[in-house]
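In what follows, a structure is listed as structure tokens, so that the remarks can point back to it.
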Amino acid sequence: MADDQRLCYAALGLEKLPKGRACFRAMLHQCAGVCRGDEDPDVHRQRLFTGLEGLRVACWPYPGAIGLVERDGDGQQIHVIHHWHYLGSVRDADEARLLDKVAPGFDADGYKILCKPILSGRAEVILL
């Protein structure tokens with residue numbers, strides 16, 4: 001993100017600089033130059049916040065676990081999700097309620113897969 005936003009590694013605390021020196025990336029025009037006074041620190045900070053905004057994670061929108069219902073002809077599977085974690089798949093809602101284990105931590109890959117179907121409102125969701 002720092003590279004995409006042309007942020008200064010030194011201003012971000014990722015690189016140590018001797019006082020009064022610009023970073024190496026500024027000399028290569030890969031940093032907008034906040035380290036040498038070419039850029040206002042507030043402008044640099046705003047670009048940082050803009051870049052971080054794109055990485056923001058949506059809060060879990062339900063009070064507890066949900067089931068994502070997937071239908072195939074006469075059959076169905078319910079995929080149990082809680083706080084963006086996949087907990088397992090079962091055939092009916094009673095079984096789904098038994099999958100009540102606590103998710104271990106944030107799973108970025110699971111979040112990326114689940115975010116669109118859950119937040120779009122297009123998936124069939126049952127509250128568990």
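Residues are referred to by chain and number: the chain letter is A, B, ... according to the order shown in the structure tokens, the number counts from 1 in that chain, and ligands are numbered separately from 1 in the order shown.
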
- Message: Excluding A:Ala65 and its own-chain neighbours fewer than 2 positions away, which residues fall within 10 Å of it when counting only C-alpha atoms? Please give them as number ranges by chain.
- Response: A: 60, 62-63, 67-68, 80-87, 96-97, 99-102, 126-128

- Query: Out of chain A, which residues get helix (DSSP H, G or I) from DSSP, as number ranges by chain?
  - Reply: A: 24-27, 34-36, 41-53, 93-98, 108-120

Which residues, written as a PDB file with N, CA, C and O atoms, in the first residue's frame, have at least one atom at most 6 Å from A:Arg6, with only C-alpha atoms counted and residues fewer than 5 positions away on the same chain left out?
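Saved to result32.pdb:
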```pdb
ATOM      1  N   GLN A  30       9.701   7.484  -5.796  1.00  0.00           N
ATOM      2  CA  GLN A  30       8.734   6.483  -5.355  1.00  0.00           C
ATOM      3  C   GLN A  30       8.047   6.929  -4.065  1.00  0.00           C
ATOM      4  O   GLN A  30       7.111   6.299  -3.614  1.00  0.00           O
ATOM      5  N   CYS A  31       8.537   7.994  -3.482  1.00  0.00           N
ATOM      6  CA  CYS A  31       7.953   8.622  -2.301  1.00  0.00           C
ATOM      7  C   CYS A  31       7.664  10.062  -2.713  1.00  0.00           C
ATOM      8  O   CYS A  31       8.439  10.660  -3.459  1.00  0.00           O
ATOM      9  N   ALA A  32       6.564  10.609  -2.268  1.00  0.00           N
ATOM     10  CA  ALA A  32       6.186  11.969  -2.672  1.00  0.00           C
ATOM     11  C   ALA A  32       7.047  13.038  -2.010  1.00  0.00           C
ATOM     12  O   ALA A  32       6.901  14.218  -2.319  1.00  0.00           O
TER      13      ALA A  32
END
```

- Item | Length of the atom CA of A:Gly110 to atom CA of A:Ala58 vector [Å] |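 Interatomic distance, atom CA of A:Gly110 to atom CA of A:Ala58: 12.8 Å.
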
- Residues of chain A in strand (DSSP E) according to DSSP, as a VMD selection string? chain A and resid 66 to 72 75 to 82 85 to 90 124 to 127

- Do a neighbour search on A:Gly37 at 12 Å with only C-alpha atoms, toss out local chain neighbours closer than 2 positions, and write the hits as a PyMOL selection string. chain A and resi 8+11+20-23+26+31-35+39-44

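Ranking A:Ile113, A:Ile66, A:Arg91, A:Gln46 by their shortest atom-to-atom distance to A:Ile78, with only C-alpha atoms included, puts A:Arg91 first.
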
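Across A:Glu15, A:Val57, A:Leu52, A:Val69, the tightest approach to A:Asp109 is made by A:Val57 when counting only C-alpha atoms.
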
Can you tell me which residues surround A:Gln76 at a distance of at most 10 Å, considering only C-alpha atoms, apart from same-chain residues fewer than 4 positions away, and format the answer as a PDB file with all heavy atoms, in the first residue's frame?
```pdb
ATOM      1  N   VAL A  69     -27.679 -20.854   3.069  1.00  0.00           N
ATOM      2  CA  VAL A  69     -28.380 -21.994   2.489  1.00  0.00           C
ATOM      3  C   VAL A  69     -28.007 -22.125   1.015  1.00  0.00           C
ATOM      4  O   VAL A  69     -28.120 -21.166   0.247  1.00  0.00           O
ATOM      5  CB  VAL A  69     -29.910 -21.842   2.641  1.00  0.00           C
ATOM      6  CG1 VAL A  69     -30.631 -23.044   2.053  1.00  0.00           C
ATOM      7  CG2 VAL A  69     -30.272 -21.655   4.115  1.00  0.00           C
ATOM      8  N   GLU A  70     -27.565 -23.313   0.658  1.00  0.00           N
ATOM      9  CA  GLU A  70     -27.229 -23.617  -0.730  1.00  0.00           C
ATOM     10  C   GLU A  70     -28.147 -24.752  -1.179  1.00  0.00           C
ATOM     11  O   GLU A  70     -28.161 -25.811  -0.572  1.00  0.00           O
ATOM     12  CB  GLU A  70     -25.766 -24.034  -0.833  1.00  0.00           C
ATOM     13  CG  GLU A  70     -25.320 -24.341  -2.226  1.00  0.00           C
ATOM     14  CD  GLU A  70     -23.856 -24.755  -2.294  1.00  0.00           C
ATOM     15  OE1 GLU A  70     -23.257 -25.086  -1.257  1.00  0.00           O
ATOM     16  OE2 GLU A  70     -23.319 -24.751  -3.402  1.00  0.00           O
ATOM     17  N   ARG A  71     -28.911 -24.492  -2.212  1.00  0.00           N
ATOM     18  CA  ARG A  71     -29.873 -25.485  -2.705  1.00  0.00           C
ATOM     19  C   ARG A  71     -29.397 -26.066  -4.028  1.00  0.00           C
ATOM     20  O   ARG A  71     -28.860 -25.360  -4.870  1.00  0.00           O
ATOM     21  CB  ARG A  71     -31.239 -24.848  -2.880  1.00  0.00           C
ATOM     22  CG  ARG A  71     -31.801 -24.317  -1.582  1.00  0.00           C
ATOM     23  CD  ARG A  71     -33.226 -23.812  -1.752  1.00  0.00           C
ATOM     24  NE  ARG A  71     -33.668 -23.101  -0.566  1.00  0.00           N
ATOM     25  CZ  ARG A  71     -34.091 -23.691   0.552  1.00  0.00           C
ATOM     26  NH1 ARG A  71     -34.105 -24.995   0.627  1.00  0.00           N
ATOM     27  NH2 ARG A  71     -34.469 -22.972   1.592  1.00  0.00           N
ATOM     28  N   ASP A  72     -29.655 -27.383  -4.172  1.00  0.00           N
ATOM     29  CA  ASP A  72     -29.322 -28.086  -5.412  1.00  0.00           C
ATOM     30  C   ASP A  72     -30.430 -29.097  -5.666  1.00  0.00           C
ATOM     31  O   ASP A  72     -30.455 -30.163  -5.042  1.00  0.00           O
ATOM     32  CB  ASP A  72     -27.971 -28.776  -5.285  1.00  0.00           C
ATOM     33  CG  ASP A  72     -27.535 -29.447  -6.571  1.00  0.00           C
ATOM     34  OD1 ASP A  72     -28.045 -29.067  -7.648  1.00  0.00           O
ATOM     35  OD2 ASP A  72     -26.696 -30.355  -6.502  1.00  0.00           O
ATOM     36  N   VAL A  90     -23.879 -28.578   7.048  1.00  0.00           N
ATOM     37  CA  VAL A  90     -24.825 -29.599   7.494  1.00  0.00           C
ATOM     38  C   VAL A  90     -26.037 -29.578   6.575  1.00  0.00           C
ATOM     39  O   VAL A  90     -26.162 -28.716   5.712  1.00  0.00           O
ATOM     40  CB  VAL A  90     -25.245 -29.360   8.970  1.00  0.00           C
ATOM     41  CG1 VAL A  90     -24.063 -29.558   9.909  1.00  0.00           C
ATOM     42  CG2 VAL A  90     -25.818 -27.968   9.158  1.00  0.00           C
ATOM     43  N   ARG A  91     -26.976 -30.506   6.828  1.00  0.00           N
ATOM     44  CA  ARG A  91     -28.157 -30.627   5.954  1.00  0.00           C
ATOM     45  C   ARG A  91     -29.373 -29.853   6.449  1.00  0.00           C
ATOM     46  O   ARG A  91     -30.236 -29.496   5.661  1.00  0.00           O
ATOM     47  CB  ARG A  91     -28.524 -32.095   5.779  1.00  0.00           C
ATOM     48  CG  ARG A  91     -27.418 -32.893   5.146  1.00  0.00           C
ATOM     49  CD  ARG A  91     -27.930 -33.562   3.898  1.00  0.00           C
ATOM     50  NE  ARG A  91     -26.848 -34.295   3.267  1.00  0.00           N
ATOM     51  CZ  ARG A  91     -26.283 -33.940   2.126  1.00  0.00           C
ATOM     52  NH1 ARG A  91     -26.691 -32.868   1.519  1.00  0.00           N
ATOM     53  NH2 ARG A  91     -25.320 -34.633   1.610  1.00  0.00           N
ATOM     54  N   ASP A  92     -29.486 -29.597   7.761  1.00  0.00           N
ATOM     55  CA  ASP A  92     -30.672 -28.879   8.239  1.00  0.00           C
ATOM     56  C   ASP A  92     -30.329 -27.904   9.359  1.00  0.00           C
ATOM     57  O   ASP A  92     -29.244 -27.941   9.936  1.00  0.00           O
ATOM     58  CB  ASP A  92     -31.786 -29.843   8.669  1.00  0.00           C
ATOM     59  CG  ASP A  92     -31.422 -30.705   9.861  1.00  0.00           C
ATOM     60  OD1 ASP A  92     -30.969 -30.167  10.884  1.00  0.00           O
ATOM     61  OD2 ASP A  92     -31.609 -31.940   9.777  1.00  0.00           O
TER      62      ASP A  92
END
```
